[in-house]
file target01.pdb (PDB, C-alpha atoms)
ATOM      1  CA  MET A  29       0.000   0.000   0.000
ATOM      2  CA  ALA A  30       1.399   3.382  -0.997
ATOM      3  CA  GLU A  31       2.299   5.741   1.824
ATOM      4  CA  ASN A  32       0.127   8.830   2.036
ATOM      5  CA  SER A  33       2.488  11.772   1.362
ATOM      6  CA  ASN A  34      -0.043  14.226   2.853
ATOM      7  CA  ALA A  35      -0.071  12.497   6.228
ATOM      8  CA  LEU A  36       0.756  14.827   9.092
ATOM      9  CA  PRO A  37       4.139  14.086  10.716
ATOM     10  CA  PRO A  38       4.194  13.566  14.504
ATOM     11  CA  ALA A  39       3.445  16.671  16.538
ATOM     12  CA  SER A  40       6.907  16.581  18.100
ATOM     13  CA  LYS A  41       8.273  17.552  14.706
ATOM     14  CA  TRP A  42       6.199  20.690  14.123
ATOM     15  CA  ALA A  43       4.575  21.708  17.432
ATOM     16  CA  PRO A  44       7.687  23.385  18.954
ATOM     17  CA  ALA A  45       8.205  25.480  15.815
ATOM     18  CA  LEU A  46       4.511  26.415  15.711
ATOM     19  CA  LEU A  47       4.440  27.352  19.390
ATOM     20  CA  LEU A  48       7.633  29.388  19.135
ATOM     21  CA  ALA A  49       6.339  31.065  15.965
ATOM     22  CA  TRP A  50       3.294  32.197  17.933
ATOM     23  CA  LEU A  51       5.182  33.286  21.030
ATOM     24  CA  ILE A  52       7.972  35.153  19.221
ATOM     25  CA  PRO A  53       7.146  36.368  15.700
ATOM     26  CA  GLY A  54       9.705  34.744  13.388
ATOM     27  CA  GLY A  55      10.843  32.433  16.202
ATOM     28  CA  GLY A  56       9.678  29.326  14.370
ATOM     29  CA  HIS A  57      11.874  30.243  11.434
ATOM     30  CA  PHE A  58      14.854  30.787  13.728
ATOM     31  CA  LEU A  59      14.258  27.348  15.261
ATOM     32  CA  LEU A  60      14.082  25.824  11.791
ATOM     33  CA  LYS A  61      17.356  27.526  10.808
ATOM     34  CA  ARG A  62      15.871  30.174   8.510
ATOM     35  CA  PRO A  63      17.281  33.207  10.333
ATOM     36  CA  GLY A  64      16.981  35.662   7.450
ATOM     37  CA  ARG A  65      13.283  35.047   6.946
ATOM     38  CA  GLY A  66      12.734  34.903  10.696
ATOM     39  CA  ALA A  67      14.407  38.286  11.147
ATOM     40  CA  LEU A  68      12.266  39.855   8.429
ATOM     41  CA  LEU A  69       9.075  38.448   9.958
ATOM     42  CA  LEU A  70      10.098  39.575  13.428
ATOM     43  CA  ALA A  71      10.918  43.064  12.169
ATOM     44  CA  CYS A  72       7.647  43.438  10.269
ATOM     45  CA  VAL A  73       5.299  42.042  12.939
ATOM     46  CA  ALA A  74       7.051  43.845  15.805
ATOM     47  CA  SER A  75       7.184  47.138  13.881
ATOM     48  CA  MET A  76       3.517  46.926  13.033
ATOM     49  CA  PHE A  77       2.587  46.131  16.623
ATOM     50  CA  LEU A  78       4.792  48.913  18.048
ATOM     51  CA  LEU A  79       3.401  51.438  15.571
ATOM     52  CA  GLY A  80      -0.082  50.352  16.669
ATOM     53  CA  LEU A  81       0.855  51.003  20.301
ATOM     54  CA  MET A  82       2.446  54.359  19.453
ATOM     55  CA  MET A  83      -0.732  55.382  17.642
ATOM     56  CA  ARG A  84      -2.594  54.419  20.832
ATOM     57  CA  GLY A  85      -4.649  51.712  19.191
ATOM     58  CA  ALA A  86      -7.057  49.707  21.321
ATOM     59  CA  LEU A  87      -6.582  46.041  22.204
ATOM     60  CA  PHE A  88      -9.796  44.056  21.950
ATOM     61  CA  SER A  89     -11.404  42.100  24.752
ATOM     62  CA  PRO A  90     -13.988  39.471  23.803
ATOM     63  CA  GLN A  91     -17.589  40.664  23.823
ATOM     64  CA  THR A  92     -20.694  38.964  22.570
ATOM     65  CA  GLY A  93     -24.027  40.378  21.528
ATOM     66  CA  ASP A  94     -25.293  40.751  18.010
ATOM     67  CA  ILE A  95     -23.384  38.943  15.289
ATOM     68  CA  LEU A  96     -21.393  42.012  14.196
ATOM     69  CA  THR A  97     -20.254  42.780  17.751
ATOM     70  CA  THR A  98     -19.239  39.156  18.278
ATOM     71  CA  VAL A  99     -17.291  38.967  15.008
ATOM     72  CA  ILE A 100     -15.484  42.265  15.588
ATOM     73  CA  TYR A 101     -14.623  41.870  19.263
ATOM     74  CA  VAL A 102     -13.932  38.122  19.414
ATOM     75  CA  GLY A 103     -12.137  38.237  16.050
ATOM     76  CA  GLY A 104     -10.124  41.267  17.126
ATOM     77  CA  PHE A 105      -9.234  39.603  20.418
ATOM     78  CA  ILE A 106      -8.037  36.442  18.662
ATOM     79  CA  ALA A 107      -6.003  38.506  16.185
ATOM     80  CA  ASN A 108      -4.452  40.495  19.063
ATOM     81  CA  ILE A 109      -3.517  37.304  20.937
ATOM     82  CA  MET A 110      -1.802  35.921  17.849
ATOM     83  CA  SER A 111       0.914  38.561  18.242
ATOM     84  CA  GLY A 112       2.278  36.354  21.038
ATOM     85  CA  ILE A 113       4.772  37.903  23.435
ATOM     86  CA  LEU A 114       4.076  41.394  22.091
ATOM     87  CA  TYR A 115       0.446  41.173  23.208
ATOM     88  CA  LEU A 116       1.311  39.467  26.494
ATOM     89  CA  LEU A 117       3.951  42.078  27.343
ATOM     90  CA  SER A 118       1.589  44.934  26.516
ATOM     91  CA  ASN A 119      -0.991  43.482  28.866
ATOM     92  CA  TRP A 120       1.497  42.701  31.623
ATOM     93  CA  LEU A 121       2.987  46.191  31.410
ATOM     94  CA  GLY A 122      -0.469  47.695  31.761
ATOM     95  CA  TYR A 123      -1.202  49.037  28.291
ATOM     96  CA  ASN A 124      -4.876  49.899  28.417
ATOM     97  CA  GLN A 125      -6.102  52.236  25.713
ATOM     98  CA  VAL A 126      -9.828  52.757  25.436
ATOM     99  CA  ASP A 127     -11.347  52.774  21.976
ATOM    100  CA  MET A 128     -11.475  56.450  20.967
ATOM    101  CA  ALA A 129     -12.688  58.335  17.939
ATOM    102  CA  GLY A 130     -10.003  59.641  15.599
ATOM    103  CA  HIS A 131      -8.222  58.304  12.575
ATOM    104  CA  VAL A 132      -4.848  57.834  14.301
ATOM    105  CA  HIS A 133      -6.339  55.677  17.094
ATOM    106  CA  ASP A 134      -8.316  53.767  14.507
ATOM    107  CA  TYR A 135      -5.217  53.072  12.421
ATOM    108  CA  GLY A 136      -3.436  52.001  15.592
ATOM    109  CA  THR A 137      -6.162  49.471  16.368
ATOM    110  CA  LYS A 138      -5.940  48.108  12.822
ATOM    111  CA  PHE A 139      -2.148  47.891  13.011
ATOM    112  CA  LEU A 140      -2.388  45.878  16.240
ATOM    113  CA  VAL A 141      -4.859  43.469  14.631
ATOM    114  CA  ALA A 142      -2.848  43.263  11.410
ATOM    115  CA  ALA A 143       0.325  42.382  13.353
ATOM    116  CA  GLY A 144      -1.466  39.326  14.762
ATOM    117  CA  LEU A 145      -2.816  38.347  11.356
ATOM    118  CA  LEU A 146       0.656  38.608   9.803
ATOM    119  CA  ASN A 147       1.983  36.417  12.597
ATOM    120  CA  ILE A 148      -0.651  33.791  11.747
ATOM    121  CA  LEU A 149       0.767  33.745   8.210
ATOM    122  CA  ALA A 150       4.272  33.361   9.654
ATOM    123  CA  MET A 151       3.051  30.486  11.850
ATOM    124  CA  VAL A 152       1.545  28.702   8.845
ATOM    125  CA  ASP A 153       4.823  29.138   6.975
ATOM    126  CA  ALA A 154       6.790  27.723   9.928
ATOM    127  CA  PHE A 155       4.375  24.788  10.098
ATOM    128  CA  GLU A 156       4.842  24.038   6.399
ATOM    129  CA  ILE A 157       8.623  24.186   6.731
ATOM    130  CA  ALA A 158       8.571  21.954   9.825
ATOM    131  CA  THR A 159       6.400  19.348   8.091
ATOM    132  CA  GLY A 160       8.603  19.330   5.002
ATOM    133  CA  ARG A 161       6.002  20.782   2.677
ATOM    134  CA  LYS A 162       8.192  23.756   1.951
ATOM    135  CA  ASP A 163      11.916  24.590   2.003
TER     136      ASP A 163
ATOM    137  CA  MET B  24       5.934  55.249  24.968
ATOM    138  CA  PRO B  25       5.990  58.188  22.521
ATOM    139  CA  LYS B  26       2.771  59.030  20.771
ATOM    140  CA  MET B  27       2.814  59.030  17.013
ATOM    141  CA  ASN B  28       0.537  60.921  14.673
ATOM    142  CA  LEU B  29       0.555  59.591  11.149
ATOM    143  CA  SER B  30      -1.460  60.863   8.227
ATOM    144  CA  HIS B  31      -3.727  58.505   6.284
ATOM    145  CA  PHE B  32      -1.111  58.270   3.547
ATOM    146  CA  GLU B  33       1.804  57.541   5.882
ATOM    147  CA  ALA B  34      -0.153  54.897   7.790
ATOM    148  CA  SER B  35      -1.335  53.183   4.615
ATOM    149  CA  MET B  36       2.185  53.162   3.157
ATOM    150  CA  LEU B  37       3.651  51.637   6.316
ATOM    151  CA  PHE B  38       0.890  49.047   6.371
ATOM    152  CA  ALA B  39       1.564  48.255   2.700
ATOM    153  CA  LEU B  40       5.313  47.964   3.294
ATOM    154  CA  PHE B  41       5.170  45.522   6.211
ATOM    155  CA  THR B  42       2.358  43.447   4.739
ATOM    156  CA  SER B  43       4.137  43.185   1.381
ATOM    157  CA  ILE B  44       7.376  42.018   2.988
ATOM    158  CA  VAL B  45       5.568  39.308   4.984
ATOM    159  CA  LEU B  46       3.604  38.169   1.923
ATOM    160  CA  GLY B  47       6.831  37.998  -0.075
ATOM    161  CA  VAL B  48       8.677  36.067   2.624
ATOM    162  CA  ILE B  49       6.018  33.414   3.176
ATOM    163  CA  THR B  50       4.639  32.772  -0.286
ATOM    164  CA  LYS B  51       7.608  32.244  -2.594
ATOM    165  CA  ARG B  52      10.448  29.755  -2.650
ATOM    166  CA  THR B  53      13.513  31.677  -3.830
ATOM    167  CA  ASP B  54      14.868  35.019  -2.653
ATOM    168  CA  ARG B  55      14.511  36.514  -6.126
ATOM    169  CA  GLU B  56      10.842  35.482  -6.304
ATOM    170  CA  ARG B  57      10.255  36.821  -2.806
ATOM    171  CA  ILE B  58      11.673  40.253  -3.630
ATOM    172  CA  ARG B  59       9.704  40.446  -6.863
ATOM    173  CA  TYR B  60       6.467  39.376  -5.188
ATOM    174  CA  ALA B  61       6.929  41.780  -2.267
ATOM    175  CA  ALA B  62       7.550  44.621  -4.728
ATOM    176  CA  TYR B  63       4.500  43.555  -6.752
ATOM    177  CA  CYS B  64       2.280  43.480  -3.637
ATOM    178  CA  PHE B  65       3.566  46.878  -2.534
ATOM    179  CA  GLY B  66       2.834  48.291  -5.995
ATOM    180  CA  CYS B  67      -0.687  46.859  -5.857
ATOM    181  CA  PHE B  68      -1.282  48.388  -2.416
ATOM    182  CA  VAL B  69      -0.052  51.804  -3.582
ATOM    183  CA  ALA B  70      -2.148  51.617  -6.757
ATOM    184  CA  ALA B  71      -5.208  50.666  -4.699
ATOM    185  CA  VAL B  72      -4.594  53.574  -2.297
ATOM    186  CA  PHE B  73      -4.406  56.097  -5.136
ATOM    187  CA  ALA B  74      -7.345  54.571  -7.051
ATOM    188  CA  LEU B  75      -9.620  54.494  -4.005
ATOM    189  CA  SER B  76      -8.521  57.978  -2.947
ATOM    190  CA  TRP B  77      -9.454  59.415  -6.330
ATOM    191  CA  LEU B  78     -12.709  57.435  -6.307
ATOM    192  CA  MET B  79     -13.669  58.905  -2.936
ATOM    193  CA  TYR B  80     -12.569  62.392  -3.985
ATOM    194  CA  LEU B  81     -14.602  62.265  -7.193
ATOM    195  CA  GLY B  82     -17.530  60.586  -5.402
ATOM    196  CA  HIS B  83     -17.741  63.455  -2.948
ATOM    197  CA  GLY B  84     -17.782  65.985  -5.803
TER     198      GLY B  84
END
call {"tool": "encode", "arguments": {"input": "target01.pdb", "output": "structure tokens"}}
result
Amino acid sequence: MAENSNALPPASKWAPALLLAWLIPGGGHFLLKRPGRGALLLACVASMFLLGLMMRGALFSPQTGDILTTVIYVGGFIANIMSGILYLLSNWLGYNQVDMAGHVHDYGTKFLVAAGLLNILAMVDAFEIATGRKD
Amino acid sequence: MPKMNLSHFEASMLFALFTSIVLGVITKRTDRERIRYAAYCFGCFVAAVFALSWLMYLGHG
């Protein structure tokens, strides 16, 4: 019987890279010996997150209600969390910006969310490298 | 932490720059392809910014 080439390798092979990629943007790539790509990912995600903080963007906390509120607040919270240590440090150091009107604050909030979304892409890339689907 | 005030244009360009680099890094297989794709994505973002800006300007009359 032919071996299924799409079968997922054991978690021990990819889970550490995936976890590190979440915790430290680009960390999965460093672990997998792709330091150049890891450094670029770290620089981009961290810069975007820091710019979001400097523009006083708001970090989401999960709220439910009507469908739009749930999608925005729960989705925003998940995207914020995906920034890993950047989000955790911001919380631990007491960053607490209320959602305010104004285009700069609004851009800041979007930058914070986008940093998490970019890190999800980096995590997927690290996963594919760790499982041998990509160089 | 210092507070930063960016214009719409500056913020959108920074967003385009970082997003393009990440898209280039994760989607292609060689460095040459990555640079080309990142530049292509950045160009698309900039084109979209200018196109939508003109659309909104003309739409407002």
call {"tool": "interface_residues", "arguments": {"input": "target01.pdb", "of": "chain A", "to": "chain B", "cutoff": "9 Å", "atoms": "all atoms listed in the file", "output": "number ranges by chain"}}
result
A: 65, 68-69, 71-73, 75-76, 79, 81-84, 131-133, 135-136, 139, 142-143, 146-147, 149-150, 152-154, 162-163
call {"tool": "write_last_selection", "arguments": {"input": "target01.pdb", "atoms": "C-alpha atoms", "output": "PDB file, in the coordinates of the input"}}
result
ATOM      1  CA  ARG A  65      13.283  35.047   6.946  1.00  0.00           C
ATOM      2  CA  LEU A  68      12.266  39.855   8.429  1.00  0.00           C
ATOM      3  CA  LEU A  69       9.075  38.448   9.958  1.00  0.00           C
ATOM      4  CA  ALA A  71      10.918  43.064  12.169  1.00  0.00           C
ATOM      5  CA  CYS A  72       7.647  43.438  10.269  1.00  0.00           C
ATOM      6  CA  VAL A  73       5.299  42.042  12.939  1.00  0.00           C
ATOM      7  CA  SER A  75       7.184  47.138  13.881  1.00  0.00           C
ATOM      8  CA  MET A  76       3.517  46.926  13.033  1.00  0.00           C
ATOM      9  CA  LEU A  79       3.401  51.438  15.571  1.00  0.00           C
ATOM     10  CA  LEU A  81       0.855  51.003  20.301  1.00  0.00           C
ATOM     11  CA  MET A  82       2.446  54.359  19.453  1.00  0.00           C
ATOM     12  CA  MET A  83      -0.732  55.382  17.642  1.00  0.00           C
ATOM     13  CA  ARG A  84      -2.594  54.419  20.832  1.00  0.00           C
ATOM     14  CA  HIS A 131      -8.222  58.304  12.575  1.00  0.00           C
ATOM     15  CA  VAL A 132      -4.848  57.834  14.301  1.00  0.00           C
ATOM     16  CA  HIS A 133      -6.339  55.677  17.094  1.00  0.00           C
ATOM     17  CA  TYR A 135      -5.217  53.072  12.421  1.00  0.00           C
ATOM     18  CA  GLY A 136      -3.436  52.001  15.592  1.00  0.00           C
ATOM     19  CA  PHE A 139      -2.148  47.891  13.011  1.00  0.00           C
ATOM     20  CA  ALA A 142      -2.848  43.263  11.410  1.00  0.00           C
ATOM     21  CA  ALA A 143       0.325  42.382  13.353  1.00  0.00           C
ATOM     22  CA  LEU A 146       0.656  38.608   9.803  1.00  0.00           C
ATOM     23  CA  ASN A 147       1.983  36.417  12.597  1.00  0.00           C
ATOM     24  CA  LEU A 149       0.767  33.745   8.210  1.00  0.00           C
ATOM     25  CA  ALA A 150       4.272  33.361   9.654  1.00  0.00           C
ATOM     26  CA  VAL A 152       1.545  28.702   8.845  1.00  0.00           C
ATOM     27  CA  ASP A 153       4.823  29.138   6.975  1.00  0.00           C
ATOM     28  CA  ALA A 154       6.790  27.723   9.928  1.00  0.00           C
ATOM     29  CA  LYS A 162       8.192  23.756   1.951  1.00  0.00           C
ATOM     30  CA  ASP A 163      11.916  24.590   2.003  1.00  0.00           C
TER      31      ASP A 163
END
call {"tool": "atom_distance", "arguments": {"input": "target01.pdb", "atom1": "CA of Tyr123 in chain A", "atom2": "CA of Pro53 in chain A"}}
result
19.7 Å
call {"tool": "residues_around", "arguments": {"input": "target01.pdb", "residues": "Asp127 in chain A", "least_positions_apart": "3", "cutoff": "10 Å", "atoms": "only C-alpha atoms", "output": "count of residues only"}}
result
10
call {"tool": "atom_distance", "arguments": {"input": "target01.pdb", "atom1": "CA of Met151 in chain A", "atom2": "CA of Leu47 in chain A"}}
result
8.3 Å
call {"tool": "resolve_selection", "arguments": {"input": "target01.pdb", "expression": "the PyMOL selection byres ((chain A and resi 45) around 12)", "output": "VMD selection string"}}
result
chain A and resid 39 to 44 46 to 62 66 150 to 159
call {"tool": "write_last_selection", "arguments": {"input": "target01.pdb", "atoms": "C-alpha atoms", "output": "tab-separated table (two decimals), keeping the file's coordinate frame"}}
result
chain	number	residue	atom	x	y	z
A	39	ALA	CA	3.44	16.67	16.54
A	40	SER	CA	6.91	16.58	18.10
A	41	LYS	CA	8.27	17.55	14.71
A	42	TRP	CA	6.20	20.69	14.12
A	43	ALA	CA	4.58	21.71	17.43
A	44	PRO	CA	7.69	23.38	18.95
A	46	LEU	CA	4.51	26.42	15.71
A	47	LEU	CA	4.44	27.35	19.39
A	48	LEU	CA	7.63	29.39	19.14
A	49	ALA	CA	6.34	31.06	15.96
A	50	TRP	CA	3.29	32.20	17.93
A	51	LEU	CA	5.18	33.29	21.03
A	52	ILE	CA	7.97	35.15	19.22
A	53	PRO	CA	7.15	36.37	15.70
A	54	GLY	CA	9.70	34.74	13.39
A	55	GLY	CA	10.84	32.43	16.20
A	56	GLY	CA	9.68	29.33	14.37
A	57	HIS	CA	11.87	30.24	11.43
A	58	PHE	CA	14.85	30.79	13.73
A	59	LEU	CA	14.26	27.35	15.26
A	60	LEU	CA	14.08	25.82	11.79
A	61	LYS	CA	17.36	27.53	10.81
A	62	ARG	CA	15.87	30.17	8.51
A	66	GLY	CA	12.73	34.90	10.70
A	150	ALA	CA	4.27	33.36	9.65
A	151	MET	CA	3.05	30.49	11.85
A	152	VAL	CA	1.54	28.70	8.85
A	153	ASP	CA	4.82	29.14	6.98
A	154	ALA	CA	6.79	27.72	9.93
A	155	PHE	CA	4.38	24.79	10.10
A	156	GLU	CA	4.84	24.04	6.40
A	157	ILE	CA	8.62	24.19	6.73
A	158	ALA	CA	8.57	21.95	9.82
A	159	THR	CA	6.40	19.35	8.09
call {"tool": "resolve_selection", "arguments": {"input": "target01.pdb", "expression": "the PyMOL selection byres ((chain A and resi 105) around 12)", "output": "ChimeraX atom specification"}}
result
/A:86-92,97-104,106-112,115,137-138,140-142,144-145
call {"tool": "atom_distance", "arguments": {"input": "target01.pdb", "atom1": "CA of Arg55 in chain B", "atom2": "CA of Val72 in chain B"}}
result
25.9 Å
call {"tool": "resolve_selection", "arguments": {"input": "target01.pdb", "expression": "the PyMOL selection byres ((chain B and resi 63) around 12)", "output": "PDB file with C-alpha atoms, keeping the file's coordinate frame"}}
result
ATOM      1  CA  ALA B  39       1.564  48.255   2.700  1.00  0.00           C
ATOM      2  CA  LEU B  40       5.313  47.964   3.294  1.00  0.00           C
ATOM      3  CA  THR B  42       2.358  43.447   4.739  1.00  0.00           C
ATOM      4  CA  SER B  43       4.137  43.185   1.381  1.00  0.00           C
ATOM      5  CA  ILE B  44       7.376  42.018   2.988  1.00  0.00           C
ATOM      6  CA  LEU B  46       3.604  38.169   1.923  1.00  0.00           C
ATOM      7  CA  GLY B  47       6.831  37.998  -0.075  1.00  0.00           C
ATOM      8  CA  GLU B  56      10.842  35.482  -6.304  1.00  0.00           C
ATOM      9  CA  ARG B  57      10.255  36.821  -2.806  1.00  0.00           C
ATOM     10  CA  ILE B  58      11.673  40.253  -3.630  1.00  0.00           C
ATOM     11  CA  ARG B  59       9.704  40.446  -6.863  1.00  0.00           C
ATOM     12  CA  TYR B  60       6.467  39.376  -5.188  1.00  0.00           C
ATOM     13  CA  ALA B  61       6.929  41.780  -2.267  1.00  0.00           C
ATOM     14  CA  ALA B  62       7.550  44.621  -4.728  1.00  0.00           C
ATOM     15  CA  CYS B  64       2.280  43.480  -3.637  1.00  0.00           C
ATOM     16  CA  PHE B  65       3.566  46.878  -2.534  1.00  0.00           C
ATOM     17  CA  GLY B  66       2.834  48.291  -5.995  1.00  0.00           C
ATOM     18  CA  CYS B  67      -0.687  46.859  -5.857  1.00  0.00           C
ATOM     19  CA  PHE B  68      -1.282  48.388  -2.416  1.00  0.00           C
ATOM     20  CA  VAL B  69      -0.052  51.804  -3.582  1.00  0.00           C
ATOM     21  CA  ALA B  70      -2.148  51.617  -6.757  1.00  0.00           C
TER      22      ALA B  70
END
call {"tool": "axis_aligned_box", "arguments": {"input": "target01.pdb", "around": "range 38-56 of chain A", "padding_each_side": "8 Å", "output": "lines of an AutoDock Vina configuration file"}}
result
center_x = 7.1
center_y = 25.0
center_z = 17.2
size_x = 23.5
size_y = 38.8
size_z = 23.6
call {"tool": "decode", "arguments": {"input": "target01.pdb", "residues": "range 115-140 of chain A", "atoms": "C-alpha atoms", "output": "PDB file, in the first residue's frame"}}
result
ATOM      1  CA  TYR A 115       0.446  41.173  23.208  1.00  0.00           C
ATOM      2  CA  LEU A 116       1.311  39.467  26.494  1.00  0.00           C
ATOM      3  CA  LEU A 117       3.951  42.078  27.343  1.00  0.00           C
ATOM      4  CA  SER A 118       1.589  44.934  26.516  1.00  0.00           C
ATOM      5  CA  ASN A 119      -0.991  43.482  28.866  1.00  0.00           C
ATOM      6  CA  TRP A 120       1.497  42.701  31.623  1.00  0.00           C
ATOM      7  CA  LEU A 121       2.987  46.191  31.410  1.00  0.00           C
ATOM      8  CA  GLY A 122      -0.469  47.695  31.761  1.00  0.00           C
ATOM      9  CA  TYR A 123      -1.202  49.037  28.291  1.00  0.00           C
ATOM     10  CA  ASN A 124      -4.876  49.899  28.417  1.00  0.00           C
ATOM     11  CA  GLN A 125      -6.102  52.236  25.713  1.00  0.00           C
ATOM     12  CA  VAL A 126      -9.828  52.757  25.436  1.00  0.00           C
ATOM     13  CA  ASP A 127     -11.347  52.774  21.976  1.00  0.00           C
ATOM     14  CA  MET A 128     -11.475  56.450  20.967  1.00  0.00           C
ATOM     15  CA  ALA A 129     -12.688  58.335  17.939  1.00  0.00           C
ATOM     16  CA  GLY A 130     -10.003  59.641  15.599  1.00  0.00           C
ATOM     17  CA  HIS A 131      -8.222  58.304  12.575  1.00  0.00           C
ATOM     18  CA  VAL A 132      -4.848  57.834  14.301  1.00  0.00           C
ATOM     19  CA  HIS A 133      -6.339  55.677  17.094  1.00  0.00           C
ATOM     20  CA  ASP A 134      -8.316  53.767  14.507  1.00  0.00           C
ATOM     21  CA  TYR A 135      -5.217  53.072  12.421  1.00  0.00           C
ATOM     22  CA  GLY A 136      -3.436  52.001  15.592  1.00  0.00           C
ATOM     23  CA  THR A 137      -6.162  49.471  16.368  1.00  0.00           C
ATOM     24  CA  LYS A 138      -5.940  48.108  12.822  1.00  0.00           C
ATOM     25  CA  PHE A 139      -2.148  47.891  13.011  1.00  0.00           C
ATOM     26  CA  LEU A 140      -2.388  45.878  16.240  1.00  0.00           C
TER      27      LEU A 140
END
